[in-house]
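Have a look at the structure below, then the notes.
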Amino acid sequence: MTATPSNPVIGLLSLSWSKFVMSQPVELSLEQQFSIRSFETQVQQMSREQAQEFLVKLYEQMLMREAMYRYFLKQQWGLEPGSPMQ
């Protein structure tokens, strides 16, 4: 089941981002590929409870990163009060 964003603009952006990611060939560096394999090994060694706790923390960090990107972009584009472009 897919969660539906409460904000239709965010839903549209998410859909657009998904289409963009699917249509653009993106290659990870060897270092990134190694990091994924290492991460996979670590996760396989976790208990189910540890993995669930880790997944929740990872999701929280992902949302925080998204919020920071949004904030910095708004600042850069002059969309926030007190931003450099106003």
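Residues are referred to by chain and number: the chain letter is A, B, ... according to the order shown in the structure tokens, the number counts from 1 in that chain, and ligands are numbered separately from 1 in the order shown.
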
Determine which residues of stretch 19-70 of chain A receive a DSSP assignment of helix (DSSP H, G or I), computed from the backbone, and state them as a PyMOL selection string. chain A and resi 19-23+30-44+48-70

Kindly give the distance, in Å, that separates atom CA of A:Met46 and atom CA of A:Leu58, rounded to a single decimal. 14.5 Å

What separates atom CA of A:Ser35 and atom CA of A:Gln50 is a distance of 19.6 Å
